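File shown: start_20.cif. Contents: mmCIF, N, CA and C atoms.
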data_upload
#
loop_
_atom_site.label_atom_id
_atom_site.label_comp_id
_atom_site.auth_asym_id
_atom_site.auth_seq_id
_atom_site.Cartn_x
_atom_site.Cartn_y
_atom_site.Cartn_z
N MET A 1 -38.67 -8.06 -15.07
CA MET A 1 -38.45 -6.64 -14.88
C MET A 1 -39.71 -5.90 -15.29
N THR A 2 -40.12 -4.97 -14.46
CA THR A 2 -41.32 -4.21 -14.76
C THR A 2 -40.96 -3.00 -15.63
N THR A 3 -41.98 -2.33 -16.08
CA THR A 3 -41.74 -1.17 -16.94
C THR A 3 -41.15 -0.01 -16.16
N SER A 4 -41.25 -0.04 -14.82
CA SER A 4 -40.72 1.06 -14.03
C SER A 4 -39.23 0.90 -13.73
N GLU A 5 -38.66 -0.23 -14.13
CA GLU A 5 -37.26 -0.48 -13.83
C GLU A 5 -36.46 -0.65 -15.12
N ARG A 6 -35.28 -0.09 -15.11
CA ARG A 6 -34.33 -0.26 -16.20
C ARG A 6 -33.03 -0.74 -15.60
N THR A 7 -32.24 -1.38 -16.38
CA THR A 7 -30.95 -1.82 -15.86
C THR A 7 -29.86 -0.95 -16.45
N HIS A 8 -28.86 -0.69 -15.62
CA HIS A 8 -27.71 0.07 -16.04
C HIS A 8 -26.51 -0.56 -15.35
N GLY A 9 -25.76 -1.34 -16.07
CA GLY A 9 -24.61 -2.01 -15.49
C GLY A 9 -25.00 -3.03 -14.44
N GLY A 10 -26.14 -3.67 -14.60
CA GLY A 10 -26.59 -4.68 -13.65
C GLY A 10 -27.35 -4.12 -12.46
N LEU A 11 -27.44 -2.80 -12.35
CA LEU A 11 -28.17 -2.18 -11.25
C LEU A 11 -29.56 -1.80 -11.71
N ARG A 12 -30.51 -1.90 -10.82
CA ARG A 12 -31.87 -1.50 -11.14
C ARG A 12 -32.03 0.00 -10.95
N LEU A 13 -32.53 0.65 -11.94
CA LEU A 13 -32.85 2.07 -11.83
C LEU A 13 -34.36 2.19 -11.80
N GLN A 14 -34.87 2.97 -10.86
CA GLN A 14 -36.31 3.09 -10.73
C GLN A 14 -36.74 4.50 -11.10
N ARG A 15 -38.01 4.62 -11.40
CA ARG A 15 -38.55 5.91 -11.80
C ARG A 15 -38.39 6.94 -10.69
N PRO A 16 -38.16 8.19 -11.07
CA PRO A 16 -38.04 9.24 -10.05
C PRO A 16 -39.28 9.39 -9.17
N SER A 17 -40.46 9.06 -9.70
CA SER A 17 -41.67 9.18 -8.90
C SER A 17 -41.67 8.19 -7.74
N ARG A 18 -41.12 7.00 -7.95
CA ARG A 18 -41.04 6.02 -6.85
C ARG A 18 -40.04 6.47 -5.81
N ILE A 19 -38.93 7.03 -6.26
CA ILE A 19 -37.92 7.53 -5.32
C ILE A 19 -38.50 8.69 -4.52
N ALA A 20 -39.19 9.59 -5.19
CA ALA A 20 -39.80 10.73 -4.49
C ALA A 20 -40.85 10.26 -3.49
N ALA A 21 -41.61 9.24 -3.85
CA ALA A 21 -42.62 8.70 -2.94
C ALA A 21 -41.96 8.11 -1.70
N ARG A 22 -40.85 7.42 -1.87
CA ARG A 22 -40.14 6.85 -0.73
C ARG A 22 -39.57 7.93 0.17
N LEU A 23 -38.99 8.96 -0.45
CA LEU A 23 -38.42 10.05 0.34
C LEU A 23 -39.53 10.81 1.09
N GLY A 24 -40.64 11.04 0.43
CA GLY A 24 -41.77 11.70 1.09
C GLY A 24 -42.32 10.87 2.24
N THR A 25 -42.41 9.57 2.02
CA THR A 25 -42.86 8.67 3.09
C THR A 25 -41.86 8.68 4.25
N GLY A 26 -40.58 8.73 3.92
CA GLY A 26 -39.55 8.80 4.96
C GLY A 26 -39.66 10.06 5.80
N VAL A 27 -39.92 11.20 5.15
CA VAL A 27 -40.10 12.45 5.88
C VAL A 27 -41.32 12.35 6.80
N LEU A 28 -42.40 11.80 6.29
CA LEU A 28 -43.61 11.64 7.09
C LEU A 28 -43.37 10.71 8.28
N VAL A 29 -42.70 9.59 8.04
CA VAL A 29 -42.40 8.64 9.11
C VAL A 29 -41.51 9.30 10.16
N GLY A 30 -40.55 10.09 9.74
CA GLY A 30 -39.67 10.78 10.68
C GLY A 30 -40.42 11.76 11.55
N LEU A 31 -41.30 12.54 10.95
CA LEU A 31 -42.07 13.52 11.73
C LEU A 31 -43.04 12.83 12.68
N VAL A 32 -43.68 11.78 12.21
CA VAL A 32 -44.62 11.04 13.08
C VAL A 32 -43.88 10.38 14.23
N SER A 33 -42.72 9.80 13.97
CA SER A 33 -41.97 9.15 15.05
C SER A 33 -41.49 10.18 16.07
N GLU A 34 -41.07 11.35 15.60
CA GLU A 34 -40.68 12.43 16.53
C GLU A 34 -41.85 12.81 17.44
N TYR A 35 -43.02 12.95 16.85
CA TYR A 35 -44.22 13.30 17.61
C TYR A 35 -44.59 12.18 18.59
N LEU A 36 -44.56 10.94 18.13
CA LEU A 36 -44.92 9.81 19.00
C LEU A 36 -43.99 9.70 20.20
N ILE A 37 -42.71 9.91 19.96
CA ILE A 37 -41.75 9.84 21.07
C ILE A 37 -42.09 10.88 22.13
N ALA A 38 -42.35 12.10 21.68
CA ALA A 38 -42.65 13.17 22.64
C ALA A 38 -43.95 12.91 23.38
N VAL A 39 -44.97 12.45 22.67
CA VAL A 39 -46.27 12.20 23.31
C VAL A 39 -46.17 11.05 24.31
N ILE A 40 -45.51 9.98 23.91
CA ILE A 40 -45.39 8.83 24.81
C ILE A 40 -44.56 9.19 26.04
N ALA A 41 -43.45 9.88 25.84
CA ALA A 41 -42.56 10.18 26.96
C ALA A 41 -43.13 11.21 27.92
N THR A 42 -44.02 12.07 27.44
CA THR A 42 -44.54 13.13 28.31
C THR A 42 -46.00 12.91 28.71
N ALA A 43 -46.56 11.77 28.38
CA ALA A 43 -47.95 11.49 28.74
C ALA A 43 -48.11 11.53 30.26
N PRO A 44 -49.18 12.13 30.73
CA PRO A 44 -49.36 12.27 32.18
C PRO A 44 -49.86 10.97 32.81
N LEU A 45 -48.97 10.05 32.97
CA LEU A 45 -49.31 8.77 33.59
C LEU A 45 -48.79 8.78 35.02
N GLY A 46 -49.66 8.53 35.94
CA GLY A 46 -49.26 8.50 37.34
C GLY A 46 -48.59 7.19 37.67
N GLY A 47 -47.90 7.18 38.75
CA GLY A 47 -47.26 5.96 39.19
C GLY A 47 -46.23 6.24 40.26
N ASP A 48 -45.76 5.17 40.89
CA ASP A 48 -44.78 5.32 41.97
C ASP A 48 -43.35 5.39 41.46
N SER A 49 -43.10 4.89 40.29
CA SER A 49 -41.73 4.86 39.80
C SER A 49 -41.35 6.18 39.14
N THR A 50 -40.08 6.39 38.95
CA THR A 50 -39.59 7.61 38.33
C THR A 50 -40.10 7.72 36.91
N THR A 51 -39.95 6.67 36.14
CA THR A 51 -40.49 6.61 34.78
C THR A 51 -41.52 5.50 34.76
N ASN A 52 -42.71 5.84 34.37
CA ASN A 52 -43.80 4.88 34.36
C ASN A 52 -43.47 3.72 33.41
N PRO A 53 -43.75 2.49 33.80
CA PRO A 53 -43.49 1.34 32.93
C PRO A 53 -44.23 1.41 31.60
N LEU A 54 -45.40 2.03 31.57
CA LEU A 54 -46.12 2.17 30.30
C LEU A 54 -45.35 3.09 29.33
N VAL A 55 -44.70 4.10 29.87
CA VAL A 55 -43.88 4.99 29.04
C VAL A 55 -42.71 4.20 28.46
N LEU A 56 -42.05 3.41 29.30
CA LEU A 56 -40.93 2.61 28.81
C LEU A 56 -41.38 1.60 27.76
N ALA A 57 -42.53 0.99 27.97
CA ALA A 57 -43.05 0.03 26.99
C ALA A 57 -43.39 0.74 25.68
N GLY A 58 -44.00 1.92 25.77
CA GLY A 58 -44.32 2.67 24.56
C GLY A 58 -43.08 3.08 23.78
N LEU A 59 -42.05 3.53 24.49
CA LEU A 59 -40.80 3.89 23.81
C LEU A 59 -40.13 2.66 23.20
N ALA A 60 -40.26 1.52 23.86
CA ALA A 60 -39.71 0.29 23.29
C ALA A 60 -40.43 -0.09 22.00
N VAL A 61 -41.74 0.11 21.96
CA VAL A 61 -42.50 -0.18 20.73
C VAL A 61 -42.04 0.73 19.60
N VAL A 62 -41.82 2.01 19.90
CA VAL A 62 -41.32 2.94 18.88
C VAL A 62 -39.93 2.50 18.40
N GLY A 63 -39.09 2.05 19.32
CA GLY A 63 -37.76 1.57 18.94
C GLY A 63 -37.81 0.34 18.05
N VAL A 64 -38.68 -0.59 18.38
CA VAL A 64 -38.84 -1.79 17.55
C VAL A 64 -39.36 -1.42 16.17
N ALA A 65 -40.32 -0.50 16.14
CA ALA A 65 -40.84 -0.05 14.85
C ALA A 65 -39.74 0.62 14.02
N ALA A 66 -38.85 1.35 14.67
CA ALA A 66 -37.75 1.99 13.96
C ALA A 66 -36.83 0.95 13.32
N VAL A 67 -36.54 -0.12 14.06
CA VAL A 67 -35.69 -1.18 13.51
C VAL A 67 -36.38 -1.88 12.34
N VAL A 68 -37.67 -2.15 12.49
CA VAL A 68 -38.42 -2.82 11.42
C VAL A 68 -38.45 -1.96 10.16
N VAL A 69 -38.75 -0.68 10.32
CA VAL A 69 -38.79 0.21 9.15
C VAL A 69 -37.42 0.31 8.51
N GLY A 70 -36.39 0.46 9.32
CA GLY A 70 -35.04 0.59 8.79
C GLY A 70 -34.54 -0.63 8.05
N THR A 71 -34.89 -1.81 8.54
CA THR A 71 -34.39 -3.02 7.89
C THR A 71 -35.23 -3.43 6.68
N HIS A 72 -36.52 -3.20 6.73
CA HIS A 72 -37.38 -3.62 5.61
C HIS A 72 -37.47 -2.60 4.49
N TRP A 73 -37.39 -1.33 4.82
CA TRP A 73 -37.48 -0.26 3.81
C TRP A 73 -36.33 0.71 4.04
N PRO A 74 -35.13 0.37 3.57
CA PRO A 74 -33.94 1.18 3.88
C PRO A 74 -34.04 2.64 3.45
N THR A 75 -34.62 2.91 2.31
CA THR A 75 -34.71 4.30 1.85
C THR A 75 -35.61 5.11 2.77
N ILE A 76 -36.74 4.54 3.13
CA ILE A 76 -37.67 5.23 4.03
C ILE A 76 -37.05 5.37 5.42
N GLY A 77 -36.41 4.32 5.91
CA GLY A 77 -35.80 4.37 7.23
C GLY A 77 -34.67 5.38 7.34
N ALA A 78 -33.81 5.41 6.34
CA ALA A 78 -32.70 6.37 6.36
C ALA A 78 -33.22 7.81 6.29
N THR A 79 -34.20 8.04 5.44
CA THR A 79 -34.78 9.38 5.33
C THR A 79 -35.45 9.79 6.64
N ALA A 80 -36.21 8.88 7.23
CA ALA A 80 -36.89 9.17 8.50
C ALA A 80 -35.87 9.46 9.60
N GLY A 81 -34.81 8.68 9.65
CA GLY A 81 -33.77 8.91 10.66
C GLY A 81 -33.10 10.25 10.50
N VAL A 82 -32.81 10.62 9.27
CA VAL A 82 -32.20 11.93 9.02
C VAL A 82 -33.15 13.05 9.42
N VAL A 83 -34.44 12.89 9.13
CA VAL A 83 -35.43 13.91 9.52
C VAL A 83 -35.47 14.05 11.04
N VAL A 84 -35.51 12.95 11.76
CA VAL A 84 -35.54 13.00 13.22
C VAL A 84 -34.29 13.69 13.75
N LEU A 85 -33.13 13.34 13.21
CA LEU A 85 -31.89 13.96 13.67
C LEU A 85 -31.83 15.45 13.31
N LEU A 86 -32.35 15.82 12.14
CA LEU A 86 -32.37 17.24 11.76
C LEU A 86 -33.31 18.05 12.65
N VAL A 87 -34.45 17.47 13.00
CA VAL A 87 -35.36 18.17 13.92
C VAL A 87 -34.69 18.35 15.28
N THR A 88 -33.97 17.34 15.73
CA THR A 88 -33.26 17.44 17.00
C THR A 88 -32.17 18.49 16.95
N VAL A 89 -31.40 18.49 15.88
CA VAL A 89 -30.34 19.50 15.74
C VAL A 89 -30.95 20.90 15.66
N PHE A 90 -32.04 21.05 14.92
CA PHE A 90 -32.72 22.34 14.84
C PHE A 90 -33.19 22.81 16.21
N ALA A 91 -33.79 21.90 16.97
CA ALA A 91 -34.30 22.27 18.29
C ALA A 91 -33.18 22.69 19.23
N VAL A 92 -32.04 22.01 19.13
CA VAL A 92 -30.92 22.34 20.00
C VAL A 92 -30.28 23.65 19.58
N THR A 93 -30.03 23.83 18.29
CA THR A 93 -29.35 25.04 17.83
C THR A 93 -30.22 26.29 17.98
N GLN A 94 -31.52 26.14 17.87
CA GLN A 94 -32.42 27.28 18.03
C GLN A 94 -32.81 27.51 19.49
N ARG A 95 -32.31 26.65 20.37
CA ARG A 95 -32.56 26.74 21.81
C ARG A 95 -34.06 26.77 22.11
N ILE A 96 -34.77 25.89 21.46
CA ILE A 96 -36.21 25.77 21.71
C ILE A 96 -36.37 25.11 23.07
N SER A 97 -37.14 25.72 23.91
CA SER A 97 -37.24 25.23 25.28
C SER A 97 -38.43 24.29 25.45
N TRP A 98 -38.32 23.49 26.47
CA TRP A 98 -39.39 22.57 26.84
C TRP A 98 -39.29 22.38 28.34
N THR A 99 -40.39 22.59 29.04
CA THR A 99 -40.42 22.35 30.48
C THR A 99 -41.65 21.52 30.81
N THR A 100 -41.55 20.77 31.86
CA THR A 100 -42.65 19.89 32.22
C THR A 100 -43.84 20.65 32.77
N GLY A 101 -43.63 21.81 33.35
CA GLY A 101 -44.73 22.53 33.97
C GLY A 101 -45.66 23.22 32.99
N THR A 102 -45.15 23.67 31.85
CA THR A 102 -45.96 24.46 30.93
C THR A 102 -46.31 23.71 29.65
N THR A 103 -45.96 22.48 29.56
CA THR A 103 -46.15 21.74 28.30
C THR A 103 -47.54 21.13 28.20
N GLN A 104 -47.99 21.01 26.97
CA GLN A 104 -49.19 20.24 26.67
C GLN A 104 -48.69 18.99 25.96
N TRP A 105 -48.86 17.86 26.56
CA TRP A 105 -48.18 16.65 26.10
C TRP A 105 -48.60 16.19 24.72
N TRP A 106 -49.70 16.64 24.20
CA TRP A 106 -50.15 16.21 22.87
C TRP A 106 -49.80 17.23 21.79
N SER A 107 -49.21 18.35 22.14
CA SER A 107 -48.94 19.44 21.20
C SER A 107 -47.74 19.12 20.29
N PRO A 108 -47.90 19.24 18.97
CA PRO A 108 -46.77 18.99 18.05
C PRO A 108 -45.62 19.98 18.24
N THR A 109 -45.90 21.21 18.61
CA THR A 109 -44.81 22.17 18.81
C THR A 109 -43.99 21.82 20.04
N ASP A 110 -44.62 21.24 21.05
CA ASP A 110 -43.86 20.80 22.21
C ASP A 110 -43.00 19.58 21.89
N ALA A 111 -43.37 18.83 20.87
CA ALA A 111 -42.56 17.69 20.46
C ALA A 111 -41.19 18.16 19.96
N VAL A 112 -41.15 19.29 19.29
CA VAL A 112 -39.87 19.83 18.82
C VAL A 112 -39.02 20.26 20.01
N GLY A 113 -39.64 20.91 20.98
CA GLY A 113 -38.91 21.30 22.18
C GLY A 113 -38.41 20.10 22.96
N TYR A 114 -39.21 19.05 23.00
CA TYR A 114 -38.80 17.84 23.70
C TYR A 114 -37.57 17.22 23.06
N ALA A 115 -37.43 17.36 21.74
CA ALA A 115 -36.27 16.81 21.05
C ALA A 115 -34.99 17.47 21.52
N ALA A 116 -35.08 18.72 21.97
CA ALA A 116 -33.89 19.44 22.42
C ALA A 116 -33.41 18.99 23.80
N VAL A 117 -34.30 18.46 24.62
CA VAL A 117 -33.92 18.13 26.00
C VAL A 117 -33.85 16.64 26.28
N SER A 118 -34.22 15.81 25.35
CA SER A 118 -34.25 14.37 25.59
C SER A 118 -33.36 13.64 24.60
N ALA A 119 -32.86 12.52 25.02
CA ALA A 119 -32.03 11.70 24.13
C ALA A 119 -32.87 10.73 23.31
N TYR A 120 -34.13 10.52 23.66
CA TYR A 120 -34.95 9.54 22.95
C TYR A 120 -35.05 9.81 21.45
N PRO A 121 -35.38 11.02 21.01
CA PRO A 121 -35.48 11.23 19.56
C PRO A 121 -34.16 10.99 18.82
N ALA A 122 -33.06 11.44 19.41
CA ALA A 122 -31.77 11.24 18.76
C ALA A 122 -31.42 9.75 18.66
N ILE A 123 -31.76 9.00 19.69
CA ILE A 123 -31.48 7.55 19.66
C ILE A 123 -32.31 6.88 18.58
N VAL A 124 -33.60 7.21 18.49
CA VAL A 124 -34.45 6.60 17.47
C VAL A 124 -33.99 7.00 16.07
N GLY A 125 -33.59 8.26 15.89
CA GLY A 125 -33.08 8.69 14.59
C GLY A 125 -31.82 7.94 14.20
N ALA A 126 -30.92 7.76 15.16
CA ALA A 126 -29.70 7.01 14.89
C ALA A 126 -30.00 5.54 14.58
N VAL A 127 -30.96 4.97 15.28
CA VAL A 127 -31.35 3.58 15.02
C VAL A 127 -31.94 3.44 13.62
N LEU A 128 -32.78 4.38 13.22
CA LEU A 128 -33.36 4.34 11.87
C LEU A 128 -32.27 4.38 10.80
N VAL A 129 -31.31 5.27 10.96
CA VAL A 129 -30.23 5.38 9.98
C VAL A 129 -29.36 4.13 10.01
N ALA A 130 -28.98 3.68 11.20
CA ALA A 130 -28.10 2.52 11.31
C ALA A 130 -28.76 1.25 10.77
N ALA A 131 -30.02 1.05 11.08
CA ALA A 131 -30.72 -0.14 10.60
C ALA A 131 -30.88 -0.11 9.08
N SER A 132 -30.92 1.08 8.51
CA SER A 132 -31.07 1.21 7.06
C SER A 132 -29.75 1.01 6.34
N VAL A 133 -28.67 1.46 6.96
CA VAL A 133 -27.37 1.45 6.29
C VAL A 133 -26.66 0.11 6.43
N VAL A 134 -26.75 -0.47 7.61
CA VAL A 134 -26.04 -1.73 7.85
C VAL A 134 -26.84 -2.87 7.22
N PRO A 135 -26.28 -3.52 6.22
CA PRO A 135 -27.02 -4.62 5.58
C PRO A 135 -27.05 -5.86 6.47
N GLY A 136 -28.11 -6.62 6.33
CA GLY A 136 -28.23 -7.86 7.07
C GLY A 136 -27.35 -8.94 6.49
N ARG A 137 -27.36 -10.09 7.11
CA ARG A 137 -26.52 -11.19 6.62
C ARG A 137 -27.03 -11.71 5.29
N GLN A 138 -28.35 -11.76 5.13
CA GLN A 138 -28.92 -12.22 3.88
C GLN A 138 -29.58 -11.04 3.19
N ARG A 139 -29.27 -10.90 1.95
CA ARG A 139 -29.85 -9.80 1.19
C ARG A 139 -31.16 -10.25 0.58
N ASN A 140 -32.21 -9.48 0.80
CA ASN A 140 -33.52 -9.80 0.26
C ASN A 140 -33.55 -9.39 -1.22
N PRO A 141 -33.86 -10.31 -2.12
CA PRO A 141 -33.87 -9.96 -3.54
C PRO A 141 -35.06 -9.09 -3.96
N ALA A 142 -36.04 -8.95 -3.08
CA ALA A 142 -37.21 -8.14 -3.41
C ALA A 142 -36.82 -6.66 -3.39
N PRO A 143 -37.40 -5.87 -4.26
CA PRO A 143 -37.05 -4.45 -4.28
C PRO A 143 -37.59 -3.73 -3.06
N ASP A 144 -36.93 -2.63 -2.72
CA ASP A 144 -37.35 -1.78 -1.60
C ASP A 144 -38.67 -1.11 -1.96
N LEU A 145 -39.70 -1.35 -1.15
CA LEU A 145 -41.01 -0.78 -1.45
C LEU A 145 -41.23 0.47 -0.68
#
Starting from the file, give its structure as structure tokens.
Amino acid sequence: MTTSERTHGGLRLQRPSRIAARLGTGVLVGLVSEYLIAVIATAPLGGDSTTNPLVLAGLAVVGVAAVVVGTHWPTIGATAGVVVLLVTVFAVTQRISWTTGTTQWWSPTDAVGYAAVSAYPAIVGAVLVAASVVPGRQRNPAPDL
């Protein structure tokens, strides 16, 4: 047991600074994932198909990253998922608009508007929360970093 951990009834208690660092990292991961989803989905990629295969591949990479973060770092994943879902709810309730004709695909403010009209951010947020909450078959004895 390290000096940063104490036991209370067999449970590990960690310093508030570590918990705050994880929550802050989760907020950052949530905001970055929201931005990445919007940039990937709205990138001006030409092609014959309705949705460019590179866009689908990019969104798949973000989805895989969401599962990895959620399963390996549950506190960060759950916080990031909640942030993504809160940004989506905010965008919908405030009726923030997003249109393909006037958008700048790299703009962070357009990422918030994109959350209101697309299901991608909500799906990634739900995946982050679900992957963090649902425990795997084998519990890793290593602490959540």
Self-check item: Separation of atom CA of A:Ala111 from atom CA of A:Ala38 in Å
Solution: 5.0 Å
Quiz prompt | atom CA of A:Val117 to atom N of A:Gln94, straight-line distance in Å | solution =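 Interatomic distance here is 11.7 Å.
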Practice problem: Any chance you could resolve the PyMOL selection byres ((chain A and resi 16-30) around 8) against this file and give the residues as a ChimeraX atom specification? | Solution: /A:4,13-15,31-36,75-85,125,145
Self-check item: Selection dump of the PyMOL selection byres ((chain A and resi 67-70) around 8), as a ChimeraX atom specification
Solution: /A:61-66,71-78,124,127-134
Quiz item: Mind pulling up the distance from atom CA of A:Ala126 to atom CA of A:Pro108?
Solution: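 Taking atom CA of A:Pro108 and atom CA of A:Ala126, their separation equals 21.1 Å.
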Once you add 6 Å to each side, what are the centre and edge lengths of the axis-aligned box holding all listed atoms of stretch 70-77 of chain A? One decimal in Å, as AutoDock Vina command-line options, if you can.
--center_x -35.8 --center_y 0.9 --center_z 5.6 --size_x 15.7 --size_y 21.0 --size_z 19.5
Quiz prompt | Expected answer as a PyMOL selection string: helix (DSSP H, G or I) residues in stretch 1-97 of chain A | solution = chain A and resi 16-42+53-72+74-93
Quiz item: For A:Ala115, which of A:Leu56, A:Val92, A:Leu86, A:Leu45 is the closest residue, counting only N, CA and C atoms?
Solution: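 Smallest distance to A:Ala115 is found for A:Val92.
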Quiz item: Expanded to explicit residues, what is the PyMOL selection byres ((chain A and resi 106) around 8) for this file, as a VMD selection string?
Solution: chain A and resid 35 38 to 40 42 to 44 103 to 105 107 to 111
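Distance cut-off 12 Å, centre (-30.7, 23.8, 21.0), atoms counted only C-alpha atoms; the residues meeting this are A:Leu86, A:Val87, A:Thr88, A:Val89, A:Phe90, A:Ala91, A:Val92, A:Thr93, A:Gln94, A:Arg95, A:Ile96, A:Ser97, A:Trp98, A:Val112, A:Gly113, A:Tyr114, A:Ala115, A:Ala116, A:Val117, A:Ser118.
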